[in-house]
Protein chains: 2
Amino acid sequence: LDYQHVQVPFEITLWIMLASLAKIGFHLYNKLPSVVPESCLLIFVGLIMGGIIYGLNDRSPPVMDSDIFFLYLLPPIVLDAGYFMPSRPFFENIGTILLYAVVGTIWNVFGIGFSLYGICQVKAFRLQDVSLLHNLLFGSLIAAVDPVAVLAVFEEIHVNEKLHILVFGESLLNDAVTVVLYKLFRSFCEMPTIKSTDVFAGVGKFFVVGLGGVLVGLSFGFTAAFTTRFTKDIRVIEPLFVFLYSYLSYLTAEMFHLSGIVAIISCAMGMKRYVEANISLKSHTTVKYFMKMWSSVSDTLIFIFLGVSTIGENHEWNWPYICFTVIFCLIWRALGVLVLTFFVNRFHVNTVTSKDQFIIAYGGLRGAICFSLVFLLPDFHRKKLFIAATTVVILFTVFIQGMTIRPLVDLLAVKRKRESAPTVGEQIHIRFLDHLLAGIEDISGHWGQYYWKDKLEYFNSKYLQKILLREYDQPKSSIVLLYEKLERKHAMELAQAGQLGHSPAQPSFLSSDRTVITDQKLEDTLNPAVLDNIQEILARNLYRIRRTGPAYNRHTLPGDSEPAEQAKEILLLRHKSL
Amino acid sequence: LDYQHVQVPFEITLWIMLASLAKIGFHLYNKLPSVVPESCLLIFVGLIMGGIIYGLNDRSPPVMDSDIFFLYLLPPIVLDAGYFMPSRPFFENIGTILLYAVVGTIWNVFGIGFSLYGICQVKAFRLQDVSLLHNLLFGSLIAAVDPVAVLAVFEEIHVNEKLHILVFGESLLNDAVTVVLYKLFRSFCEMPTIKSTDVFAGVGKFFVVGLGGVLVGLSFGFTAAFTTRFTKDIRVIEPLFVFLYSYLSYLTAEMFHLSGIVAIISCAMGMKRYVEANISLKSHTTVKYFMKMWSSVSDTLIFIFLGVSTIGENHEWNWPYICFTVIFCLIWRALGVLVLTFFVNRFHVNTVTSKDQFIIAYGGLRGAICFSLVFLLPDFHRKKLFIAATTVVILFTVFIQGMTIRPLVDLLAVKRKRESAPTVGEQIHIRFLDHLLAGIEDISGHWGQYYWKDKLEYFNSKYLQKILLREYDQPKSSIVLLYEKLERKHAMELAQAGQLGHSPAQPSFLSSDRTVITDQKLEDTLNPAVLDNIQEILARNLYRIRRTGPAYNRHTLPGDSEPAEQAKEILLLRHKSL
């Protein structure tokens with residue numbers, strides 16, 4: 001037996017296997033995941049595992065390594081989040097998200113830090129040796145909402161798109177703020193004296209860390225898109241580039257002390273549309289599937305490790321400090337959301353309702369990022385107290401808030417996500433309105449989001465697409481792509497039901513008189529290439545579009561009774577046209 | 001700048017990126033890969049890289065770590081090989097493959113070992129200090145044909161299926177023999193005296209290492225299949241299990257000093273059909289794609305590392321020893337193939353032609369396995385000579401043989417692989433003949449391959465499928481699966497061409513009189529469930545099967561002219577039937 005030789009990969013594989021089997025186990029009992037969020041169940045499994053290890057070895061089980069977390073477990077989750085980020089609601093609410101992420105996080109850090117310092121002044125609690133700086137450092141790591149925890153819970157409760165993007169976007173973008181404040185306070189702790197220039201340098205760093213991350217991410221994203229222009233002959237390594245470049249962007253950002261999370265998200269969002277157009281359909285399926293798989297495994301491992309790391313003797317228990325930490329976390333977040341939303345609502349027509357505000361405040365879950373940061377703290381005599389407080393806050397938010405948020409959403413009747421995807425008609429209208437509003441903004445001289453979106457779109461189609469797309473001369477509009485996707489799905493359904501045949505093709509005589517009216521309306525807002533595409537599709541499929549009802553019905557088998565009717569109709573039409 | 005923090009993942013990612021970019025680079029010039037095999041180009045890139053590193057640092061570039069090779073780079077390639085192994089030709093030629101792999105490798109080891117020992121006795125060469133045991137040890141590592149190198153070259157030249165499986169199967173299965181002989185001689189080198197019992201124990205080990213590998217592999221494979229029974233609700237982690245279980249089988253086998261390569265191949269071949277039936281279509285695409293991607297990257301990295309490791313000061317140059325090594329490798333392999341094939345041809349009707357024999361002998365490429373094994377040798381004063389000889393043999397076989405094998409195949413007019421996939425009709429006939437031959441073998445009392453195949457198939461459908469498949473009550477025959485695959489492909493083509501419509505469904509009145517004759521023939525050999533499936537499909541699609549010509553033609557768009565005809569015909573048939 002030569003265990004040592006294979007130990008490292010063997011143990012990694014076993015951990016991943018345990019995580020996957022745990023996931024299967026939960027889903028075997030359908031009722032369990034509908035009541036308790038998966039993250040809670042996984043932490044619970046971790047606690048049991050940790051207990052077993054502790055019992056067998058009689059010493060604390062190994063703590064989740066911060067390096068492993070930040071270098072290997074976090075990137076897949078963030079990449080997945082960035083790649084599948086719904087870009088429209090994200091950019092529509094980018095102002096609000098940034099306000100919550102930057103101002104909100106700073107508010108929380110200082111709020112929690114100063115109030116805990118106040119608690120430390122009470123003599124009865126025996127906490128007088130915890131300095132203000134240490135409290136602020138603790139505040140900086142405990143204030144940040146965790147994207148992994150938020151994603152795990154919010155993916156299951158299906159709140160409306162805007163609410164989801166507000167909480168989730170904040171949890172992703174606050175990374176830049178957390179990184180800066182955490183490193184700032186940590187270096188202050190080690191400095192003998194703090195000058196005012198240091199404080200100003202810290203403020204300047206916000207922009208460097210955040211914007212630097214965006215820049216690193218976008219440059220890697222565009223390089224990735226550019227690379228996939230040349231993979232036509234070796235389709236099989238296409239998916240690799242998506243992963244390699246995103247990961248490189250994360251590592252590069254981390255290397256320069258920028259925000260890795262912001263970098264990988266910008267990279268994923270930047271490359272997505274170009275890469276998707278360049279790579280083959282199968283490569284795309286692989287990319288999407290593997291991303292989901294990877295993030296799902298990372299997510300599972302993180303929660304299990306969280307559970308395992310909780311067990312042991314790393315904790316110093318001090319009731320007042322721990323209880324007040326939980327209370328202050330809740331209070332300051334609630335206050336912050338209320339105050340910030342008040343300002344946000346003054347400048348927006350589409351306001352954040354009070355129900356939404358409650359869910360935003362309540363959905364501020366803490367998770368593995370805090371946990372890893374607290375273990376990265378420099379050694380000082382109260383570190384174990386901070387570890388204990390962080391663990392309690394994480395368990396409290398994940399278990400209590402995570403488990404009660406679904407009933408609360410039901411109770412408050414928070415607006416849910418719409419179930420169906422937007423129809424082609426809706427999409428056309430949204431595009432139409434976008435162009436219209438961009439024109440209005442241009443004329444009125446108000447440079448709002450539509451104006452910038454239009455400018456960006458122009459820049460994209462004028463320069464970026466020519467550089468980054470393989471077949472840039474025939475760019476397809478998103479509507480055409482959506483149509484093709486629906487068509488493929490339909491084809492697969494037909495093939496599975498064995499109902500595949502030859503369509504009554506090219507009834508072009510029909511299209512000519514029917515599309516005239518639409519043409520005049522669309523011609524002003526859509527460019528000719530898009531229009532040609534749409535016309536071609538309509539011409540090709542108008543017969544089927546008319547009878548779209550039974551064709552797309554999922555509950556009846558298509559073609560049960562109509563073939564004779566259909567055939568007759570085609571014949572009649574043919575006769576007419578000849 | 002904090003490079004140390006991200007160094008490990010950053011450098012790994014950069015190497016993979018370099019490998020992928022090199023691959024893209026070659027394929028940009030279409031002429032290059034058609035003359036020079038990719039493996040040669042990659043080694044060349046590696047040589048340049050190594051030269052640069054050597055020039056900059058003024059010391060030998062790092063040598064490929066044997067652990068990294070055996071634990072991380074080799075498994076993906078072997079998994080890919082095992083998973084996509086064409087099982088029918090493999091099992092049809094298993095006897096010949098095993099003969100080449102076991103007897104052939106032993107023949108080569110002892111042939112090369114003893115003749116090199118003979119060379120060492122010539123005083124002028126100054127090699128008298130190399131003992132017989134060291135020569136045999138060297139023979140054991142240089143004799144084995146390398147699956148990675150063989151795959152890289154043979155994938156590009158498309159020889160016929162039988163020839164391909166003979167060379168490739170040998171290269172995979174000789175791992176068990178190589179492992180045993182290499183470890184045996186290495187332990188002999190360290191022993192003071194060798195007893196005869198040790199030699200017998202060594203012979204016994206062959207069976208333990210080989211069969212043990214098969215056993216470990218199959219048990220993990222069946223566990224994987226069993227696990228995928230329960231993944232219906234979390235499709236997204238399905239592909240993971242294929243990779244996890246295969247990798248675990250490899251690591252477990254290595255841990256117990258069994259043959260990891262044999263284990264992972266058995267695992268992949270054992271799980272394939274059950275896993276494919278259990279997992280979703282998209283998971284399956286992901287599995288296939290990712291396996292190909294991973295093996296392709298590993299393969300690229302191995303050849304680049306081979307090139308990098310060649311540069312440096314690890315070599316002791318001795319002209320006679322190195323030249324004779326190359327010559328003996330060629331001679332003993334050629335002799336071995338001739339002698340073994342003589343015996344093989346005496347017992348087979350379908351003989352191995354002399355052209356095939358030449359290609360088998362000539363295709364005995366050495367690669368990274370030899371290279372890793374020679375670096376794993378215990379330190380002794382002539383190790384650098386062995387390293388030099390191994391490097392030369394690898395470069396000679398990969399460059400000279402690898403580059404000339406394609407012109408030779410053309411020159412000799414070796415039978416090529418058939419381009420088209422077998423039709424449904426051919427598949428039905430092959431099945432029919434299988435059943436017929438199994439019956440003949442049973443009656444004549446000759447228990448040949450068809451008898452055993454039939455028994456295995458019975459065991460599979462009686463027990464294994466019930467345990468391992470999720471929906472075991474409706475197992476689908478391979479013909480039905482093939483048909484469904486063709487149907488899906490066709491649907492996708494139609495969807496892409498925009499020619500999707502509703503077929504003239506269920507002309508069941510046609511099927512009744514046309515399938516009667518076939519029924520009587522098939523009923524005896526096929527079981528009722530399969531028959532029902534085929535009948536159902538025929539009934540559903542007979543209309544389309546008759547006009548299959550234009551429908552599957554890739555050069556004309558379907559449905560260009562016939563819709564009216566088709567519609568008319570349907571109407572006529574309907575009228576008749578009503």
# chains A, B, ... in the order shown; residues from 1 in each chain; ligands from 1
>>> residues_around(residues="Ile311 of chain B", least_positions_apart="4", cutoff="10 Å", atoms="only C-alpha atoms", output="MDAnalysis selection string")
chainID B and resid 46:54 59:63 306:307 315
>>> closest_residue(among="B:Asp80, B:Asp442, B:Glu161, B:Glu92", to="Ser295 of chain B", atoms="only C-alpha atoms")
B:Asp80
>>> select_by_dssp(residues="segment 73-245 of chain A", states="helix (DSSP H, G or I)", output="number ranges by chain")
A: 73-83, 87-92, 94-120, 123-125, 132-142, 147-157, 161-190, 196-230, 235-245
>>> atom_distance(atom1="atom CA of Glu276 of chain A", atom2="atom CA of Ala152 of chain A")
26.2 Å
>>> closest_residue(among="B:Trp15, B:Phe110, B:Phe91, B:Tyr117", to="chain A", atoms="only C-alpha atoms")
B:Trp15
>>> closest_residue(among="B:Tyr321, B:Ile261, B:Glu38, B:Arg235", to="His284 of chain B", atoms="only C-alpha atoms")
B:Arg235
